[in-house]
Amino acid sequence: MIKIAITGNIASGKSAVQRILEKKNYKVLDTDEVSREILNISNKPLYEAFKNYDVFENGDFSRYKVGQLIFSDEHARKLIANIMHPQIKEIILKFFEDNKSEDIVFVGIPLLFEAKMQNIFDKIIFIYTDDGIRLKRLLNRNNYTLEHAKARMNSQMPQDEKVKLCDYVVYNNGTLNELEEQIEKILNS
């Protein structure tokens with residue numbers, strides 16, 4: 001089995017790539033979805049670490065409040081990463097085990113390098129999108145303020161540094177068809 005990470009900074013188009021691969025019947029794990037699932041009060045280590053923060057709404061974690069906190073408080077960002085990244089890694093390894101009969105599996109993982117998980121993958125595909133396009137996407141799709149959108153973008157390792165660490169780079173500044181063509185070339189190789 002070939003284990004391939006799909007990574008890229010926020011609003012680069014990782015989800016679009018994942019949908020293209022799923023349409024082609026590949027097994028794809030979306031760690032953004034995993035993060036949403038494990039961000040709940042039944043996650044005892046997470047709850048204990050954040051019970052005194054203003055991150056709850058209607059008896060559970062508020063993704064909005066957690067996002068506001070971790071992108072404005074470096075300590076909180078490190079705390080949540082130290083708890084969630086090992087949990088996410090465990091789920092990825094289970095995904096590999098559950099799909100070991102597949103030739104190729106993909107994992108969408110935005111914080112691959114920040115979480116230091118690149119060593120569990122055979123190949124890495126980086127989705128590169130110009131910063132201006134990413135900023136527009138964040139402002140339009142997420143209704144973030146300009147300040148918050150930039151804070152989220154700046155919290156990640158710069159794209160140009162990540163490109164050097166990847167096996168393939170997909171440039172997602174054009175159309176969905178152009179994106180599909182690039183993915184097809186990688187799959188063929």
# chains A, B, ... in the order shown; residues from 1 in each chain; ligands from 1
call {"tool": "residues_around", "arguments": {"residues": "Lys65 in chain A", "least_positions_apart": "3", "cutoff": "8 Å", "atoms": "only C-alpha atoms", "output": "list in words"}}
result
Asp54, Val55, Phe56, Phe61, Ser62, Gln68 and Leu69 of chain A
call {"tool": "closest_atom_pairs", "arguments": {"of": "range 85-184 of chain A", "to": "range 13-24 of chain A", "cutoff": "10 Å", "atoms": "only C-alpha atoms", "output": "tab-separated table"}}
result
residue	atom	partner	partner_atom	distance
A:Val105	CA	A:Leu21	CA	9.6
A:Phe106	CA	A:Gln18	CA	8.1
A:Val107	CA	A:Gln18	CA	8.4
A:Gly108	CA	A:Lys14	CA	6.7
A:Ile109	CA	A:Lys14	CA	8.5
A:Pro110	CA	A:Lys14	CA	7.9
A:Ile125	CA	A:Lys14	CA	9.8
A:Phe126	CA	A:Lys14	CA	8.7
A:Ile127	CA	A:Lys14	CA	6.5
A:Tyr128	CA	A:Gly13	CA	8.3
A:Thr129	CA	A:Gly13	CA	7.7
A:Arg134	CA	A:Gly13	CA	8.8
A:Arg137	CA	A:Gly13	CA	9.7
A:Val170	CA	A:Val17	CA	9.5
A:Tyr171	CA	A:Gly13	CA	9.6
A:Asn172	CA	A:Gly13	CA	6.9
A:Asn173	CA	A:Gly13	CA	9.4
A:Leu176	CA	A:Ala16	CA	8.1
A:Leu179	CA	A:Val17	CA	7.6
A:Glu180	CA	A:Ile20	CA	6.8
A:Gln182	CA	A:Val17	CA	9.9
A:Ile183	CA	A:Val17	CA	7.6
A:Glu184	CA	A:Leu21	CA	9.3
call {"tool": "write_last_selection", "arguments": {"atoms": "C-alpha atoms", "output": "PDB file, in the first residue's frame"}}
result
ATOM      1  CA  VAL A 105      -4.761   5.520   0.182  1.00  0.00           C
ATOM      2  CA  PHE A 106      -4.852   9.264   0.742  1.00  0.00           C
ATOM      3  CA  VAL A 107      -5.007  11.390   3.868  1.00  0.00           C
ATOM      4  CA  GLY A 108      -5.920  15.072   3.700  1.00  0.00           C
ATOM      5  CA  ILE A 109      -3.818  16.620   6.457  1.00  0.00           C
ATOM      6  CA  PRO A 110      -3.348  20.407   6.493  1.00  0.00           C
ATOM      7  CA  ILE A 125       1.291  16.049  -2.472  1.00  0.00           C
ATOM      8  CA  PHE A 126       1.269  19.767  -1.705  1.00  0.00           C
ATOM      9  CA  ILE A 127      -1.618  21.929  -2.944  1.00  0.00           C
ATOM     10  CA  TYR A 128      -0.169  25.372  -3.651  1.00  0.00           C
ATOM     11  CA  THR A 129      -2.440  28.357  -4.121  1.00  0.00           C
ATOM     12  CA  ARG A 134      -6.398  31.956  -0.423  1.00  0.00           C
ATOM     13  CA  ARG A 137     -11.455  32.395  -0.301  1.00  0.00           C
ATOM     14  CA  VAL A 170      -0.265  20.875  -7.494  1.00  0.00           C
ATOM     15  CA  TYR A 171      -0.835  24.528  -8.427  1.00  0.00           C
ATOM     16  CA  ASN A 172      -4.442  25.412  -7.708  1.00  0.00           C
ATOM     17  CA  ASN A 173      -4.751  28.925  -9.081  1.00  0.00           C
ATOM     18  CA  LEU A 176     -11.389  22.769 -11.365  1.00  0.00           C
ATOM     19  CA  LEU A 179      -6.844  20.853 -10.974  1.00  0.00           C
ATOM     20  CA  GLU A 180      -8.258  17.479 -12.100  1.00  0.00           C
ATOM     21  CA  GLN A 182      -2.819  17.791 -12.509  1.00  0.00           C
ATOM     22  CA  ILE A 183      -4.182  15.128 -10.161  1.00  0.00           C
ATOM     23  CA  GLU A 184      -4.571  12.727 -13.089  1.00  0.00           C
TER      24      GLU A 184
END
call {"tool": "select_by_dssp", "arguments": {"residues": "chain A", "states": "alpha helix (DSSP H)", "output": "PyMOL selection string"}}
result
chain A and resi 14-23+31-38+44-50+63-70+74-98+131-142+146-154+159-163+176-188
call {"tool": "atom_distance", "arguments": {"atom1": "CA of Asn119 in chain A", "atom2": "CA of Leu93 in chain A"}}
result
12.0 Å
call {"tool": "closest_residue", "arguments": {"among": "A:Ala76, A:Met117, A:Ile104, A:Ile124", "to": "Ile88 in chain A", "atoms": "only C-alpha atoms"}}
result
A:Met117
call {"tool": "residues_around", "arguments": {"residues": "Lys150 in chain A", "least_positions_apart": "2", "cutoff": "12 Å", "atoms": "only C-alpha atoms", "output": "NGL selection string"}}
result
:A and (10-11 or 71-72 or 131-132 or 134-139 or 144-148 or 152-156)
call {"tool": "closest_residue", "arguments": {"among": "A:Asp167, A:Glu97, A:Glu37, A:Asp130", "to": "Ala5 in chain A", "atoms": "only C-alpha atoms"}}
result
A:Asp167
call {"tool": "atom_distance", "arguments": {"atom1": "CA of Ala81 in chain A", "atom2": "CA of Asn143 in chain A"}}
result
24.4 Å
call {"tool": "residues_around", "arguments": {"residues": "Ile83 in chain A", "least_positions_apart": "3", "cutoff": "7 Å", "atoms": "only C-alpha atoms", "output": "PyMOL selection string"}}
result
chain A and resi 45-46+79-80+86-87
call {"tool": "write_last_selection", "arguments": {"atoms": "N, CA and C atoms", "output": "compact mmCIF listing (two decimals), in the first residue's frame"}}
result
# COMPACT_ATOMS: atom_id res chain seq x y z
N PRO A 45 -9.15 14.52 27.75
CA PRO A 45 -7.95 15.34 27.85
C PRO A 45 -8.17 16.77 27.31
N LEU A 46 -8.94 16.87 26.24
CA LEU A 46 -9.23 18.17 25.65
C LEU A 46 -10.12 19.00 26.56
N LEU A 79 -1.21 23.92 23.13
CA LEU A 79 -1.92 23.00 24.03
C LEU A 79 -2.87 22.09 23.25
N ILE A 80 -3.67 22.69 22.38
CA ILE A 80 -4.63 21.88 21.61
C ILE A 80 -3.90 20.96 20.64
N PRO A 86 -1.60 13.77 18.47
CA PRO A 86 -1.43 12.33 18.70
C PRO A 86 -2.73 11.53 18.49
N GLN A 87 -3.87 12.13 18.84
CA GLN A 87 -5.16 11.46 18.63
C GLN A 87 -5.44 11.29 17.14
call {"tool": "atom_distance", "arguments": {"atom1": "CA of Ile6 in chain A", "atom2": "CA of Gln159 in chain A"}}
result
13.5 Å
call {"tool": "closest_residue", "arguments": {"among": "A:Pro158, A:Tyr64, A:Lys100, A:Lys44", "to": "Gly8 in chain A", "atoms": "only C-alpha atoms"}}
result
A:Pro158
call {"tool": "residues_around", "arguments": {"residues": "Phe121 in chain A", "least_positions_apart": "6", "cutoff": "9 Å", "atoms": "only C-alpha atoms", "output": "list in words"}}
result
Ile2, Lys3, Ile4 and Ala5 of chain A
call {"tool": "closest_residue", "arguments": {"among": "A:Ser35, A:Asp60, A:Met157, A:Asn9", "to": "Tyr47 in chain A", "atoms": "only C-alpha atoms"}}
result
A:Asp60
call {"tool": "residues_around", "arguments": {"residues": "Glu102 in chain A", "least_positions_apart": "4", "cutoff": "9 Å", "atoms": "only C-alpha atoms", "output": "list in words"}}
result
Met1, Ile2, Tyr26 and Lys27 of chain A
